[in-house]
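Chemist: Before I ask anything, let me first share the structure, which is written out below as C-alpha cells.
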Amino acid sequence: MQGGKTDSSGAFTYTSAPNSGDTLLIPLDNAFTASSAPITLVNTTPSPQYAFHTLSTLGGTGSVWDVLSFGGDGGPSEPTQTQADSAWKGKIDVAKGTVEWTHEANGWGNQPMRRLYHSAAGPGDDGKVYITGGLKGDGSGAIFSDVYAYDVGSSTFEPVPDLPQGTYGHNSLLLPNGTLFVIGGVSTSARTGNAASIPLSNAYLLDTTAGSPTWEERTVGGTGPSARRGATLVLNEAGDRAFFFGGGDATYSSSWGDGWELDLGSSTWKEVSAAGEGMT
C-alpha cells in the first residue's frame with residue numbers, strides 16, 4: 001500500500017485531509033487478524049504523496065519488485081492538477097523492507113493527464129497495465145472515459161478504445177484470457193446532470209487480444225450489491241471468481257461493509273458476508 005490521506009485528529013473532511021507518502025508492506029504468506037496486521041512502514045524521500053491514485057506491480061525478481069504509481073490528488077504541493085506528471089516508478093525490496101521512488105518527468109512515456117479515482121488492472125501476459133476512467137483533478141467534475149495501456153517493456157502509455165461512458169470510483173480486472181472487465185463506479189446522470197452510481201448489474205468487457213478490440217456490455221445476474229463507488233474487487237488465483245467488499249454511494253454520505261462473490265464464468269453475484277462496518 002502507498003500514499004493516501006491521514007487524519008488522526010478527525011478534524012478534516014474525506015477529501016481535505018493531508019496526504020501521506022508512506023509505503024506499507026504486509027506479508028500475505030500467513031493468515032493474520034485485521035486488528036493486528038503485520039504492517040511494516042517504509043518511509044522514503046522523495047515519495048509520491050498522493051491520494052486516490054493507483055499502484056500497480058510490474059513484475060520482479062526474487063524479493064525485488066517494480067511498481068508504478070499513477071494519477072492521484074497531489075495536495076497543496078501540486079497546485080496544477082491537470083498536467084501529465086503523476087507517474088512514479090518504484091523499486092521495492094520486500095526482504096530488506098526498502099523502497100526507492102523516481103518521479104518521472106512531465107509527459108514521460110506519453111503518460112496521460114493526472115486523474116483521480118481511476119482504476120488500473122494488470123499486467124497480464126501482454127505485459128500491459130490498463131488504466132480506465134477517472135475524475136479530472138481540477139474540481140470541474142469532468143469524468144474521463146479514456147483508457148490507456150502502460151507497456152511495461154517500453155515504459156510507454158498508449159490509448160486503447162474509450163469506455164462506452166465516463167466513470168470513476170469503479171473497479172477493473174484483467175482476466176487470464178486477456179479480457180479487461182470494468183464494473184461499478186460513478187457517472188453523470190443523463191436525467192439530472194448530477195453524479196450517479198452505476199448499477200452493478202452491468203459490466204463492460206474488452207478483449208485486449210483482439211486485433212480491433214471493442215467494448216461489450218454484459219448483464220451480471222443474481223441478487224447483487226447495491227450501486228456504489230470506492231469498493232474493492234480482487235481476482236482469485238484461478239481467475240474465475242472475484243471478491244467484492246465495501247464502498248460508498250455517489251456522494252459518500254453512506255458506506256457499506258458487505259462482501260460478495262462474482263462468478264466470472266456465469267456472470268452472477270452471490271453474497272458471502274452480511275453488511276458490517278462501512279468502508280471505502
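The chains in the C-alpha cells are called A, B, ... from first to last as shown; in each chain the residues are counted from 1, and the ligands are counted from 1 in the order shown.
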Could you list, as a PDB file with C-alpha atoms, in the first residue's frame, every residue within 9 Å of segment 228-231 of chain A, counting only C-alpha atoms and ignoring same-chain residues fewer than 2 positions away?
Modeler:
```
ATOM      1  CA  TYR A 117     -10.477   7.664  -8.639  1.00  0.00           C
ATOM      2  CA  TYR A 168     -14.739   6.976 -11.712  1.00  0.00           C
ATOM      3  CA  GLY A 169     -14.576   5.150  -8.395  1.00  0.00           C
ATOM      4  CA  HIS A 170     -15.114   1.936 -10.361  1.00  0.00           C
ATOM      5  CA  ASN A 171     -13.348  -1.435 -10.377  1.00  0.00           C
ATOM      6  CA  GLY A 184     -19.453  -0.032 -10.967  1.00  0.00           C
ATOM      7  CA  GLY A 185     -18.388   3.477 -10.082  1.00  0.00           C
ATOM      8  CA  VAL A 186     -19.986   6.853 -10.731  1.00  0.00           C
ATOM      9  CA  ALA A 196     -24.973   8.924 -10.042  1.00  0.00           C
ATOM     10  CA  SER A 197     -23.747   5.447  -9.112  1.00  0.00           C
ATOM     11  CA  ILE A 198     -23.680   2.904 -11.949  1.00  0.00           C
ATOM     12  CA  PRO A 199     -25.677  -0.288 -11.230  1.00  0.00           C
ATOM     13  CA  LEU A 200     -23.565  -3.375 -10.534  1.00  0.00           C
ATOM     14  CA  PRO A 225     -24.778  -5.484  -4.255  1.00  0.00           C
ATOM     15  CA  SER A 226     -26.288  -2.022  -4.455  1.00  0.00           C
ATOM     16  CA  LEU A 233     -12.647  -6.045  -6.139  1.00  0.00           C
ATOM     17  CA  PHE A 244     -16.083  -7.542  -3.749  1.00  0.00           C
ATOM     18  CA  PHE A 245     -16.167  -5.589  -0.479  1.00  0.00           C
ATOM     19  CA  GLY A 246     -17.394  -2.263   0.872  1.00  0.00           C
ATOM     20  CA  GLY A 247     -17.780   1.034  -0.959  1.00  0.00           C
ATOM     21  CA  GLY A 248     -19.957   4.127  -0.671  1.00  0.00           C
ATOM     22  CA  ASP A 249     -22.682   5.938  -2.550  1.00  0.00           C
ATOM     23  CA  ALA A 250     -22.030   8.645  -5.141  1.00  0.00           C
ATOM     24  CA  TYR A 252     -20.039   9.214   0.205  1.00  0.00           C
ATOM     25  CA  SER A 255     -20.980   3.344   3.071  1.00  0.00           C
ATOM     26  CA  TRP A 256     -21.253  -0.449   3.147  1.00  0.00           C
ATOM     27  CA  MET A 279     -15.623   1.039   4.437  1.00  0.00           C
ATOM     28  CA  THR A 280     -14.481   2.821   1.268  1.00  0.00           C
TER      29      THR A 280
END
```
Chemist: Would you mind listing what lies within 6 Å of Asn202 of chain A as a PDB file with N, CA and C atoms, in the first residue's frame, with only C-alpha atoms counted and same-chain residues fewer than 3 positions away left out?
Modeler:
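To be explicit, this is the file written out as selection.pdb:
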```pdb
ATOM      1  N   ARG A 218     -22.235  -6.339 -20.689  1.00  0.00           N
ATOM      2  CA  ARG A 218     -22.737  -7.643 -20.252  1.00  0.00           C
ATOM      3  C   ARG A 218     -23.576  -7.470 -18.984  1.00  0.00           C
ATOM      4  N   THR A 219     -24.691  -8.203 -18.928  1.00  0.00           N
ATOM      5  CA  THR A 219     -25.541  -8.208 -17.743  1.00  0.00           C
ATOM      6  C   THR A 219     -24.961  -9.165 -16.709  1.00  0.00           C
ATOM      7  N   VAL A 220     -24.918  -8.706 -15.454  1.00  0.00           N
ATOM      8  CA  VAL A 220     -24.460  -9.538 -14.345  1.00  0.00           C
ATOM      9  C   VAL A 220     -25.684  -9.936 -13.534  1.00  0.00           C
TER      10      VAL A 220
END
```
Chemist: Could you work out how far atom CA of Thr61 of chain A lies from atom CA of Gly97 of chain A, giving the answer in Å with one decimal?
Modeler: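 Atom-to-atom, atom CA of Gly97 of chain A and atom CA of Thr61 of chain A are spaced 15.0 Å apart.
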Chemist: Residues at most 9 Å from segment 77-94 of chain A, counting only C-alpha atoms, excluding those fewer than 4 positions away in the same chain, as a PyMOL selection string?
Modeler: chain A and resi 25+27+47-50+60+62-73+98-108+110-115+136-138
Chemist: Take the residues just selected and output them with N, CA and C atoms as an mmCIF file, in the first residue's frame.
Modeler:
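Saved as out.cif:
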```
data_model
loop_
_atom_site.group_PDB
_atom_site.id
_atom_site.type_symbol
_atom_site.label_atom_id
_atom_site.label_comp_id
_atom_site.auth_asym_id
_atom_site.auth_seq_id
_atom_site.Cartn_x
_atom_site.Cartn_y
_atom_site.Cartn_z
ATOM 1 N N LEU A 25 4.154 -2.282 3.835
ATOM 2 C CA LEU A 25 4.310 -3.652 3.379
ATOM 3 C C LEU A 25 3.566 -4.596 4.314
ATOM 4 N N PRO A 27 2.988 -8.805 4.635
ATOM 5 C CA PRO A 27 3.213 -10.156 4.102
ATOM 6 C C PRO A 27 1.900 -10.938 4.072
ATOM 7 N N SER A 47 8.875 10.642 -2.220
ATOM 8 C CA SER A 47 7.895 9.596 -2.477
ATOM 9 C C SER A 47 6.624 10.267 -2.976
ATOM 10 N N PRO A 48 5.765 9.545 -3.691
ATOM 11 C CA PRO A 48 4.513 10.140 -4.172
ATOM 12 C C PRO A 48 3.540 10.380 -3.019
ATOM 13 N N GLN A 49 3.358 11.640 -2.643
ATOM 14 C CA GLN A 49 2.416 11.974 -1.572
ATOM 15 C C GLN A 49 1.057 12.250 -2.206
ATOM 16 N N TYR A 50 0.461 11.185 -2.720
ATOM 17 C CA TYR A 50 -0.779 11.276 -3.475
ATOM 18 C C TYR A 50 -1.885 10.483 -2.781
ATOM 19 N N GLY A 60 8.949 -8.650 -11.053
ATOM 20 C CA GLY A 60 10.146 -8.562 -10.236
ATOM 21 C C GLY A 60 10.959 -9.830 -10.274
ATOM 22 N N GLY A 62 12.969 -12.354 -7.473
ATOM 23 C CA GLY A 62 13.202 -12.634 -6.068
ATOM 24 C C GLY A 62 12.343 -11.748 -5.191
ATOM 25 N N SER A 63 12.975 -11.035 -4.275
ATOM 26 C CA SER A 63 12.238 -10.184 -3.339
ATOM 27 C C SER A 63 12.100 -8.751 -3.825
ATOM 28 N N VAL A 64 12.649 -8.450 -5.019
ATOM 29 C CA VAL A 64 12.649 -7.075 -5.526
ATOM 30 C C VAL A 64 11.566 -6.922 -6.592
ATOM 31 N N TRP A 65 10.672 -5.959 -6.387
ATOM 32 C CA TRP A 65 9.543 -5.744 -7.287
ATOM 33 C C TRP A 65 9.520 -4.310 -7.789
ATOM 34 N N ASP A 66 9.180 -4.168 -9.083
ATOM 35 C CA ASP A 66 8.971 -2.840 -9.662
ATOM 36 C C ASP A 66 7.487 -2.506 -9.614
ATOM 37 N N VAL A 67 7.179 -1.250 -9.316
ATOM 38 C CA VAL A 67 5.790 -0.816 -9.218
ATOM 39 C C VAL A 67 5.629 0.516 -9.935
ATOM 40 N N LEU A 68 4.388 0.805 -10.320
ATOM 41 C CA LEU A 68 4.041 2.065 -10.973
ATOM 42 C C LEU A 68 2.920 2.734 -10.187
ATOM 43 N N SER A 69 3.167 3.963 -9.740
ATOM 44 C CA SER A 69 2.129 4.805 -9.155
ATOM 45 C C SER A 69 1.672 5.787 -10.222
ATOM 46 N N PHE A 70 0.343 5.852 -10.431
ATOM 47 C CA PHE A 70 -0.167 6.756 -11.467
ATOM 48 C C PHE A 70 -1.373 7.526 -10.945
ATOM 49 N N GLY A 71 -1.433 8.808 -11.342
ATOM 50 C CA GLY A 71 -2.570 9.660 -11.015
ATOM 51 C C GLY A 71 -2.605 10.043 -9.549
ATOM 52 N N GLY A 72 -3.752 10.580 -9.126
ATOM 53 C CA GLY A 72 -3.958 10.913 -7.733
ATOM 54 C C GLY A 72 -3.945 12.406 -7.442
ATOM 55 N N ASP A 73 -4.550 12.738 -6.331
ATOM 56 C CA ASP A 73 -4.570 14.101 -5.807
ATOM 57 C C ASP A 73 -3.208 14.413 -5.209
ATOM 58 N N THR A 98 12.820 -2.066 1.960
ATOM 59 C CA THR A 98 13.209 -0.765 1.439
ATOM 60 C C THR A 98 12.467 -0.485 0.143
ATOM 61 N N VAL A 99 12.362 0.792 -0.213
ATOM 62 C CA VAL A 99 11.748 1.196 -1.476
ATOM 63 C C VAL A 99 12.441 2.452 -1.978
ATOM 64 N N GLU A 100 12.678 2.498 -3.277
ATOM 65 C CA GLU A 100 13.253 3.685 -3.920
ATOM 66 C C GLU A 100 12.262 4.184 -4.958
ATOM 67 N N TRP A 101 11.940 5.472 -4.902
ATOM 68 C CA TRP A 101 10.964 6.068 -5.814
ATOM 69 C C TRP A 101 11.639 7.052 -6.763
ATOM 70 N N THR A 102 11.172 7.061 -8.018
ATOM 71 C CA THR A 102 11.631 8.028 -9.014
ATOM 72 C C THR A 102 10.415 8.713 -9.616
ATOM 73 N N HIS A 103 10.349 10.044 -9.501
ATOM 74 C CA HIS A 103 9.255 10.809 -10.103
ATOM 75 C C HIS A 103 9.615 11.094 -11.556
ATOM 76 N N GLU A 104 8.825 10.531 -12.472
ATOM 77 C CA GLU A 104 9.102 10.717 -13.891
ATOM 78 C C GLU A 104 8.660 12.106 -14.356
ATOM 79 N N ALA A 105 9.319 12.599 -15.396
ATOM 80 C CA ALA A 105 9.092 13.964 -15.873
ATOM 81 C C ALA A 105 7.721 14.127 -16.508
ATOM 82 N N ASN A 106 7.266 15.357 -16.594
ATOM 83 C CA ASN A 106 6.010 15.688 -17.258
ATOM 84 C C ASN A 106 6.029 15.154 -18.695
ATOM 85 N N GLY A 107 5.012 14.368 -19.071
ATOM 86 C CA GLY A 107 4.945 13.796 -20.408
ATOM 87 C C GLY A 107 5.737 12.535 -20.599
ATOM 88 N N TRP A 108 6.410 12.045 -19.554
ATOM 89 C CA TRP A 108 7.222 10.832 -19.658
ATOM 90 C C TRP A 108 6.384 9.676 -20.205
ATOM 91 N N ASN A 110 4.638 9.363 -22.752
ATOM 92 C CA ASN A 110 3.320 9.757 -23.262
ATOM 93 C C ASN A 110 2.209 9.520 -22.241
ATOM 94 N N GLN A 111 2.560 9.688 -20.958
ATOM 95 C CA GLN A 111 1.551 9.470 -19.921
ATOM 96 C C GLN A 111 0.403 10.471 -20.079
ATOM 97 N N PRO A 112 -0.837 10.035 -19.804
ATOM 98 C CA PRO A 112 -1.985 10.938 -19.917
ATOM 99 C C PRO A 112 -2.084 11.892 -18.730
ATOM 100 N N MET A 113 -3.077 12.761 -18.789
ATOM 101 C CA MET A 113 -3.300 13.739 -17.739
ATOM 102 C C MET A 113 -3.544 13.073 -16.387
ATOM 103 N N ARG A 114 -3.068 13.696 -15.340
ATOM 104 C CA ARG A 114 -3.349 13.254 -13.976
ATOM 105 C C ARG A 114 -4.864 13.115 -13.779
ATOM 106 N N ARG A 115 -5.284 12.143 -12.984
ATOM 107 C CA ARG A 115 -6.701 11.926 -12.713
ATOM 108 C C ARG A 115 -6.858 11.281 -11.346
ATOM 109 N N LYS A 136 -11.350 14.273 -13.381
ATOM 110 C CA LYS A 136 -10.373 15.353 -13.576
ATOM 111 C C LYS A 136 -10.100 16.027 -12.240
ATOM 112 N N GLY A 137 -8.834 16.327 -11.972
ATOM 113 C CA GLY A 137 -8.437 16.786 -10.651
ATOM 114 C C GLY A 137 -8.534 18.273 -10.411
ATOM 115 N N ASP A 138 -9.237 19.016 -11.280
ATOM 116 C CA ASP A 138 -9.293 20.471 -11.124
ATOM 117 C C ASP A 138 -10.587 20.956 -10.480
#
```
Chemist: Tell me, in Å to one decimal, how far atom CA of Asp151 of chain A is from atom CA of Lys128 of chain A.
Modeler: 4.6 Å
Chemist: From the list A:Leu55, A:Thr33, A:Gly75, A:Ser172, which residue is nearest Ser20 of chain A when using only C-alpha atoms?
Modeler: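 That would be A:Gly75, the residue with the smallest distance to Ser20 of chain A.
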Chemist: Between A:Ala190, A:Ile183, A:Ala95, A:Ala242, single out the one closest to Glu271 of chain A, counting only C-alpha atoms.
Modeler: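 The closest residue to Glu271 of chain A is A:Ala242.
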